[in-house]
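Visitor: Dropping the structure in here first, questions after.
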Amino acid sequence: MKIGIYVENFKIYFQLVNELKKRNIGFYDLHQDSSEKVSVVLTDKPRNFPKEIIIDDIKRSLRRALSYNYGKERFQEIVVGIDPGLRTGIVIMGDGVTLEEFELNDLKNVKNILNSVKNDYSPNKFLIRIGMGDIPDRNRIINDILGYFDIELVDETKTSPIKNRNIEAARKIAMKKGELINKRMYRRFKNGEISEVQRRSRLLSNNEITISKKLAIKVLSGEMDIENAIKIQKK
């Protein structure tokens with residue numbers, strides 16, 4: 001089955017079709033096709049289709065519609081796999097099916113993004129699985145969202161080699177059970193880990209700044225991001 005669309009507002013129609021095509025989601029335009037071919041109809045106002053979703057926000061409405069393609073009103077479980085790093089990979093899976101995949105360059109809005117995913121899909125169970133790899137960004141994400149979502153820490157080092165590190169690693173993380181996290185991430189960091197953060201600060205500042213060991217530890221513990229550490233070091 002495919003999603004049906006019946007939208008007269010041209011702006012909403014254009015945005016909706018672009019989003020469907022971008023995500024490779026099959027659809028029927030019900031101005032031309034029969035509603036018998038579709039699982040649910042996305043529409044800009046009530047039209048008395050057997051199953052219809054009135055569009056209030058394109059992304060939110062589309063997320064609400066996706067479960068109907070799999071014969072259910074909502075997904076039982078949504079799992080979000082996160083591969084932290086300079087380009088953080090995120091994969092959203094509903095009952096074992098990949099629904100979305102994207103990358104983030106900025107982690108400031110991670111909690112809001114995850115909250116939107118949870119509210120839009122409204123599953124019975126919502127779980128975050130995050131890889132162990134990049135310690136500073138991993139700790140920052142965990143410490144930022146702890147208490148808001150169930151979180152598992154996944155050791156992805158035993159998975160097979162990955163070509164597209166960001167997205168494929170996030171997918172593997174989403175599918176692998178991890179250790180439940182219920183406390184903030186703190187630990188004693190090795191000199192090599194501290195030096196690596198300092199090296200990254202030089203790289204990001206075009207060799208103008210090397211952050212202090214104290215700031216590097218705060219980055220590693222997730223208390224601040226490396227960009228803010230560089231700004232503080234400049235003062």
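To be explicit about the labels: the chains of the structure tokens are called A, B, and onward in the order shown, and within each one the residues are counted from 1, while ligands get numbers from 1 in the order they are shown.
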Can you pull out every residue within 9 Å of region 219-227 of chain A, counting only C-alpha atoms, but drop anything in the same chain fewer than 3 positions away, and send it as an MDAnalysis selection string?
Guide: chainID A and resid 107:108 135:144 185:187 189 193:194 197 200:201 204:205 211 214:216 230:232
Visitor: Would you save the residues of that selection, restricted to N, CA and C atoms, as a PDB file, in the first residue's frame?
Guide:
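Contents of the output file again_24.pdb:
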ATOM      1  N   LEU A 107      25.021  19.605  17.729  1.00  0.00           N
ATOM      2  CA  LEU A 107      24.310  18.782  18.708  1.00  0.00           C
ATOM      3  C   LEU A 107      23.437  19.599  19.660  1.00  0.00           C
ATOM      4  N   LYS A 108      23.352  20.909  19.442  1.00  0.00           N
ATOM      5  CA  LYS A 108      22.630  21.757  20.384  1.00  0.00           C
ATOM      6  C   LYS A 108      21.153  21.402  20.478  1.00  0.00           C
ATOM      7  N   ILE A 135      33.877   9.803  22.336  1.00  0.00           N
ATOM      8  CA  ILE A 135      33.590  10.001  23.759  1.00  0.00           C
ATOM      9  C   ILE A 135      33.018  11.380  24.074  1.00  0.00           C
ATOM     10  N   PRO A 136      33.626  12.494  23.599  1.00  0.00           N
ATOM     11  CA  PRO A 136      33.072  13.810  23.956  1.00  0.00           C
ATOM     12  C   PRO A 136      31.628  13.998  23.522  1.00  0.00           C
ATOM     13  N   ASP A 137      31.341  13.700  22.247  1.00  0.00           N
ATOM     14  CA  ASP A 137      29.979  13.895  21.748  1.00  0.00           C
ATOM     15  C   ASP A 137      29.021  12.873  22.332  1.00  0.00           C
ATOM     16  N   ARG A 138      29.499  11.657  22.540  1.00  0.00           N
ATOM     17  CA  ARG A 138      28.662  10.634  23.178  1.00  0.00           C
ATOM     18  C   ARG A 138      28.226  11.091  24.559  1.00  0.00           C
ATOM     19  N   ASN A 139      29.190  11.533  25.384  1.00  0.00           N
ATOM     20  CA  ASN A 139      28.871  11.961  26.747  1.00  0.00           C
ATOM     21  C   ASN A 139      27.965  13.185  26.748  1.00  0.00           C
ATOM     22  N   ARG A 140      28.232  14.094  25.824  1.00  0.00           N
ATOM     23  CA  ARG A 140      27.411  15.303  25.760  1.00  0.00           C
ATOM     24  C   ARG A 140      25.963  14.970  25.443  1.00  0.00           C
ATOM     25  N   ILE A 141      25.750  14.079  24.467  1.00  0.00           N
ATOM     26  CA  ILE A 141      24.382  13.697  24.097  1.00  0.00           C
ATOM     27  C   ILE A 141      23.693  13.002  25.268  1.00  0.00           C
ATOM     28  N   ILE A 142      24.381  12.032  25.875  1.00  0.00           N
ATOM     29  CA  ILE A 142      23.781  11.271  26.976  1.00  0.00           C
ATOM     30  C   ILE A 142      23.423  12.194  28.140  1.00  0.00           C
ATOM     31  N   ASN A 143      24.357  13.051  28.522  1.00  0.00           N
ATOM     32  CA  ASN A 143      24.107  13.940  29.657  1.00  0.00           C
ATOM     33  C   ASN A 143      22.994  14.941  29.357  1.00  0.00           C
ATOM     34  N   ASP A 144      22.820  15.273  28.088  1.00  0.00           N
ATOM     35  CA  ASP A 144      21.785  16.227  27.694  1.00  0.00           C
ATOM     36  C   ASP A 144      20.391  15.604  27.710  1.00  0.00           C
ATOM     37  N   MET A 185      27.460  10.602  32.482  1.00  0.00           N
ATOM     38  CA  MET A 185      28.703   9.980  32.046  1.00  0.00           C
ATOM     39  C   MET A 185      29.909  10.770  32.538  1.00  0.00           C
ATOM     40  N   TYR A 186      30.600  10.214  33.533  1.00  0.00           N
ATOM     41  CA  TYR A 186      31.851  10.784  34.022  1.00  0.00           C
ATOM     42  C   TYR A 186      32.876   9.670  34.148  1.00  0.00           C
ATOM     43  N   ARG A 187      34.124   9.969  33.872  1.00  0.00           N
ATOM     44  CA  ARG A 187      35.197   9.024  34.124  1.00  0.00           C
ATOM     45  C   ARG A 187      36.539   9.727  33.987  1.00  0.00           C
ATOM     46  N   PHE A 189      39.877  10.467  32.247  1.00  0.00           N
ATOM     47  CA  PHE A 189      40.276  10.388  30.851  1.00  0.00           C
ATOM     48  C   PHE A 189      41.784  10.214  30.708  1.00  0.00           C
ATOM     49  N   GLU A 193      43.446  10.787  25.084  1.00  0.00           N
ATOM     50  CA  GLU A 193      42.109  11.306  24.779  1.00  0.00           C
ATOM     51  C   GLU A 193      42.080  12.825  24.920  1.00  0.00           C
ATOM     52  N   ILE A 194      42.737  13.332  25.950  1.00  0.00           N
ATOM     53  CA  ILE A 194      42.809  14.774  26.164  1.00  0.00           C
ATOM     54  C   ILE A 194      43.583  15.435  25.023  1.00  0.00           C
ATOM     55  N   VAL A 197      41.481  15.800  21.838  1.00  0.00           N
ATOM     56  CA  VAL A 197      40.550  16.931  21.862  1.00  0.00           C
ATOM     57  C   VAL A 197      41.302  18.236  21.616  1.00  0.00           C
ATOM     58  N   ARG A 200      41.976  18.496  17.993  1.00  0.00           N
ATOM     59  CA  ARG A 200      40.772  18.896  17.267  1.00  0.00           C
ATOM     60  C   ARG A 200      40.514  20.392  17.418  1.00  0.00           C
ATOM     61  N   SER A 201      40.839  20.942  18.589  1.00  0.00           N
ATOM     62  CA  SER A 201      40.654  22.385  18.788  1.00  0.00           C
ATOM     63  C   SER A 201      41.575  23.182  17.864  1.00  0.00           C
ATOM     64  N   LEU A 204      40.039  22.909  14.302  1.00  0.00           N
ATOM     65  CA  LEU A 204      38.839  23.719  14.116  1.00  0.00           C
ATOM     66  C   LEU A 204      39.128  25.217  14.156  1.00  0.00           C
ATOM     67  N   SER A 205      40.242  25.604  14.763  1.00  0.00           N
ATOM     68  CA  SER A 205      40.584  27.033  14.855  1.00  0.00           C
ATOM     69  C   SER A 205      41.685  27.425  13.881  1.00  0.00           C
ATOM     70  N   ILE A 211      43.121  24.421  23.148  1.00  0.00           N
ATOM     71  CA  ILE A 211      42.427  24.580  24.422  1.00  0.00           C
ATOM     72  C   ILE A 211      43.222  23.929  25.547  1.00  0.00           C
ATOM     73  N   LYS A 214      42.163  21.485  31.087  1.00  0.00           N
ATOM     74  CA  LYS A 214      40.927  21.591  31.870  1.00  0.00           C
ATOM     75  C   LYS A 214      39.705  21.683  30.960  1.00  0.00           C
ATOM     76  N   LEU A 215      39.825  22.519  29.926  1.00  0.00           N
ATOM     77  CA  LEU A 215      38.710  22.647  28.984  1.00  0.00           C
ATOM     78  C   LEU A 215      38.510  21.362  28.183  1.00  0.00           C
ATOM     79  N   ALA A 216      39.623  20.713  27.826  1.00  0.00           N
ATOM     80  CA  ALA A 216      39.524  19.459  27.075  1.00  0.00           C
ATOM     81  C   ALA A 216      38.770  18.402  27.880  1.00  0.00           C
ATOM     82  N   ILE A 230      36.768  26.509  22.592  1.00  0.00           N
ATOM     83  CA  ILE A 230      37.680  27.367  21.806  1.00  0.00           C
ATOM     84  C   ILE A 230      37.395  28.832  22.071  1.00  0.00           C
ATOM     85  N   LYS A 231      36.112  29.199  22.141  1.00  0.00           N
ATOM     86  CA  LYS A 231      35.746  30.602  22.420  1.00  0.00           C
ATOM     87  C   LYS A 231      36.251  31.038  23.783  1.00  0.00           C
ATOM     88  N   ILE A 232      36.117  30.144  24.784  1.00  0.00           N
ATOM     89  CA  ILE A 232      36.573  30.468  26.147  1.00  0.00           C
ATOM     90  C   ILE A 232      38.092  30.626  26.165  1.00  0.00           C
TER      91      ILE A 232
END
Visitor: Pull the helix (DSSP H, G or I) assignments for region 16-216 of chain A out of DSSP run on the backbone, and list those residues as a PyMOL selection string.
Guide: chain A and resi 16-22+35-37+58-70+110-121+135-145+156-158+165-175+191-204+213-216
Visitor: Those same residues, written as a tab-separated table (two decimals), in the first residue's frame with C-alpha atoms?
Guide:
chain	number	residue	atom	x	y	z
A	16	LEU	CA	4.51	17.46	0.86
A	17	VAL	CA	5.44	15.98	-2.53
A	18	ASN	CA	9.04	17.17	-2.12
A	19	GLU	CA	9.27	15.53	1.30
A	20	LEU	CA	7.77	12.25	0.03
A	21	LYS	CA	10.18	12.13	-2.91
A	22	LYS	CA	13.17	13.07	-0.75
A	35	SER	CA	-8.46	6.00	-2.62
A	36	GLU	CA	-8.88	2.19	-2.62
A	37	LYS	CA	-5.17	1.89	-3.44
A	58	ILE	CA	4.43	18.37	6.94
A	59	LYS	CA	7.02	16.30	8.82
A	60	ARG	CA	4.77	15.53	11.79
A	61	SER	CA	1.80	14.52	9.62
A	62	LEU	CA	3.96	12.33	7.41
A	63	ARG	CA	5.43	10.58	10.44
A	64	ARG	CA	1.91	9.88	11.71
A	65	ALA	CA	0.98	8.40	8.33
A	66	LEU	CA	3.94	6.04	7.92
A	67	SER	CA	2.70	3.36	10.32
A	68	TYR	CA	-0.44	2.86	8.19
A	69	ASN	CA	1.80	1.61	5.37
A	70	TYR	CA	2.65	-1.29	7.65
A	110	VAL	CA	19.47	16.88	19.82
A	111	LYS	CA	17.03	16.75	22.73
A	112	ASN	CA	14.41	18.78	20.84
A	113	ILE	CA	14.85	16.65	17.71
A	114	LEU	CA	14.41	13.42	19.67
A	115	ASN	CA	11.42	14.83	21.52
A	116	SER	CA	9.78	15.69	18.18
A	117	VAL	CA	10.44	12.17	16.90
A	118	LYS	CA	8.84	10.67	20.00
A	119	ASN	CA	5.80	12.95	19.91
A	120	ASP	CA	5.25	12.69	16.14
A	121	TYR	CA	5.39	8.89	15.96
A	135	ILE	CA	33.59	10.00	23.76
A	136	PRO	CA	33.07	13.81	23.96
A	137	ASP	CA	29.98	13.90	21.75
A	138	ARG	CA	28.66	10.63	23.18
A	139	ASN	CA	28.87	11.96	26.75
A	140	ARG	CA	27.41	15.30	25.76
A	141	ILE	CA	24.38	13.70	24.10
A	142	ILE	CA	23.78	11.27	26.98
A	143	ASN	CA	24.11	13.94	29.66
A	144	ASP	CA	21.78	16.23	27.69
A	145	ILE	CA	18.96	13.71	27.21
A	156	GLU	CA	29.62	-1.04	17.95
A	157	THR	CA	33.29	-2.06	17.71
A	158	LYS	CA	32.37	-5.71	17.09
A	165	ARG	CA	30.36	5.56	8.84
A	166	ASN	CA	27.75	8.09	9.87
A	167	ILE	CA	24.49	6.51	8.72
A	168	GLU	CA	25.35	2.82	8.51
A	169	ALA	CA	26.97	2.84	11.94
A	170	ALA	CA	23.84	4.48	13.38
A	171	ARG	CA	21.72	1.76	11.75
A	172	LYS	CA	23.84	-1.02	13.25
A	173	ILE	CA	23.71	0.70	16.64
A	174	ALA	CA	19.89	0.91	16.44
A	175	MET	CA	19.67	-2.84	15.82
A	191	ASN	CA	46.26	11.67	28.31
A	192	GLY	CA	45.83	10.47	24.72
A	193	GLU	CA	42.11	11.31	24.78
A	194	ILE	CA	42.81	14.77	26.16
A	195	SER	CA	45.51	15.36	23.54
A	196	GLU	CA	43.11	14.32	20.77
A	197	VAL	CA	40.55	16.93	21.86
A	198	GLN	CA	43.30	19.55	21.97
A	199	ARG	CA	44.36	18.50	18.48
A	200	ARG	CA	40.77	18.90	17.27
A	201	SER	CA	40.65	22.38	18.79
A	202	ARG	CA	43.70	23.35	16.74
A	203	LEU	CA	42.13	21.87	13.62
A	204	LEU	CA	38.84	23.72	14.12
A	213	LYS	CA	43.70	20.44	29.52
A	214	LYS	CA	40.93	21.59	31.87
A	215	LEU	CA	38.71	22.65	28.98
A	216	ALA	CA	39.52	19.46	27.07
Visitor: Using Å and a single decimal, report how far CA of Ser34 (chain A) sits from CA of Thr98 (chain A).
Guide: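 Taking CA of Thr98 (chain A) as the start and CA of Ser34 (chain A) as the end point, the length is 27.7 Å.
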Visitor: Which one is closest to Val7 (chain A): A:Leu42, A:Ile181, A:Val79, A:Ile53? Count only C-alpha atoms.
Guide: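 The shortest atom-to-atom distance to Val7 (chain A) comes from A:Leu42.
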Visitor: Mind the document's chain letters and residue numbers, and return as a PDB file with N, CA and C atoms, in the first residue's frame the residues of region 21-56 of chain A that DSSP labels strand (DSSP E or B).
Guide:
ATOM      1  N   PHE A  27       3.560   7.242  -3.189  1.00  0.00           N
ATOM      2  CA  PHE A  27       2.286   7.889  -2.893  1.00  0.00           C
ATOM      3  C   PHE A  27       1.424   7.955  -4.160  1.00  0.00           C
ATOM      4  N   TYR A  28       0.127   8.124  -3.936  1.00  0.00           N
ATOM      5  CA  TYR A  28      -0.822   8.363  -5.020  1.00  0.00           C
ATOM      6  C   TYR A  28      -1.448   9.741  -4.843  1.00  0.00           C
ATOM      7  N   ASP A  29      -1.545  10.483  -5.922  1.00  0.00           N
ATOM      8  CA  ASP A  29      -2.276  11.750  -5.925  1.00  0.00           C
ATOM      9  C   ASP A  29      -3.743  11.401  -6.195  1.00  0.00           C
ATOM     10  N   VAL A  38      -4.807   3.096  -1.324  1.00  0.00           N
ATOM     11  CA  VAL A  38      -3.933   3.682  -0.309  1.00  0.00           C
ATOM     12  C   VAL A  38      -4.279   3.206   1.097  1.00  0.00           C
ATOM     13  N   SER A  39      -3.286   3.343   1.980  1.00  0.00           N
ATOM     14  CA  SER A  39      -3.461   2.943   3.373  1.00  0.00           C
ATOM     15  C   SER A  39      -4.059   4.076   4.207  1.00  0.00           C
ATOM     16  N   VAL A  40      -3.717   5.311   3.848  1.00  0.00           N
ATOM     17  CA  VAL A  40      -4.194   6.483   4.568  1.00  0.00           C
ATOM     18  C   VAL A  40      -4.062   7.683   3.629  1.00  0.00           C
ATOM     19  N   VAL A  41      -4.835   8.723   3.890  1.00  0.00           N
ATOM     20  CA  VAL A  41      -4.804   9.909   3.033  1.00  0.00           C
ATOM     21  C   VAL A  41      -4.320  11.111   3.838  1.00  0.00           C
ATOM     22  N   LEU A  42      -3.330  11.797   3.305  1.00  0.00           N
ATOM     23  CA  LEU A  42      -2.896  13.083   3.855  1.00  0.00           C
ATOM     24  C   LEU A  42      -3.625  14.185   3.107  1.00  0.00           C
ATOM     25  N   THR A  43      -4.332  15.043   3.835  1.00  0.00           N
ATOM     26  CA  THR A  43      -5.151  16.057   3.200  1.00  0.00           C
ATOM     27  C   THR A  43      -5.081  17.370   3.973  1.00  0.00           C
ATOM     28  N   GLU A  52      -7.867   9.264   7.223  1.00  0.00           N
ATOM     29  CA  GLU A  52      -7.233  10.483   6.738  1.00  0.00           C
ATOM     30  C   GLU A  52      -6.532  11.216   7.883  1.00  0.00           C
ATOM     31  N   ILE A  53      -5.464  11.922   7.533  1.00  0.00           N
ATOM     32  CA  ILE A  53      -4.720  12.735   8.491  1.00  0.00           C
ATOM     33  C   ILE A  53      -4.710  14.166   7.951  1.00  0.00           C
ATOM     34  N   ILE A  54      -5.206  15.097   8.773  1.00  0.00           N
ATOM     35  CA  ILE A  54      -5.232  16.497   8.366  1.00  0.00           C
ATOM     36  C   ILE A  54      -3.843  17.082   8.611  1.00  0.00           C
TER      37      ILE A  54
END
Visitor: Measuring between only C-alpha atoms, which one of A:Ile92, A:Met1, A:Leu180, A:Ile151 shows the shortest distance to Ile128 (chain A)?
Guide: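 Checking each of A:Ile92, A:Met1, A:Leu180, A:Ile151 against Ile128 (chain A), counting only C-alpha atoms, the winner is A:Ile151.
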Visitor: So the first atom is CA of Phe75 (chain A) and the second is CA of Gly131 (chain A); what is the distance between them in Å, to one decimal place?
Guide: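 Taking CA of Phe75 (chain A) and CA of Gly131 (chain A), their separation equals 23.5 Å.
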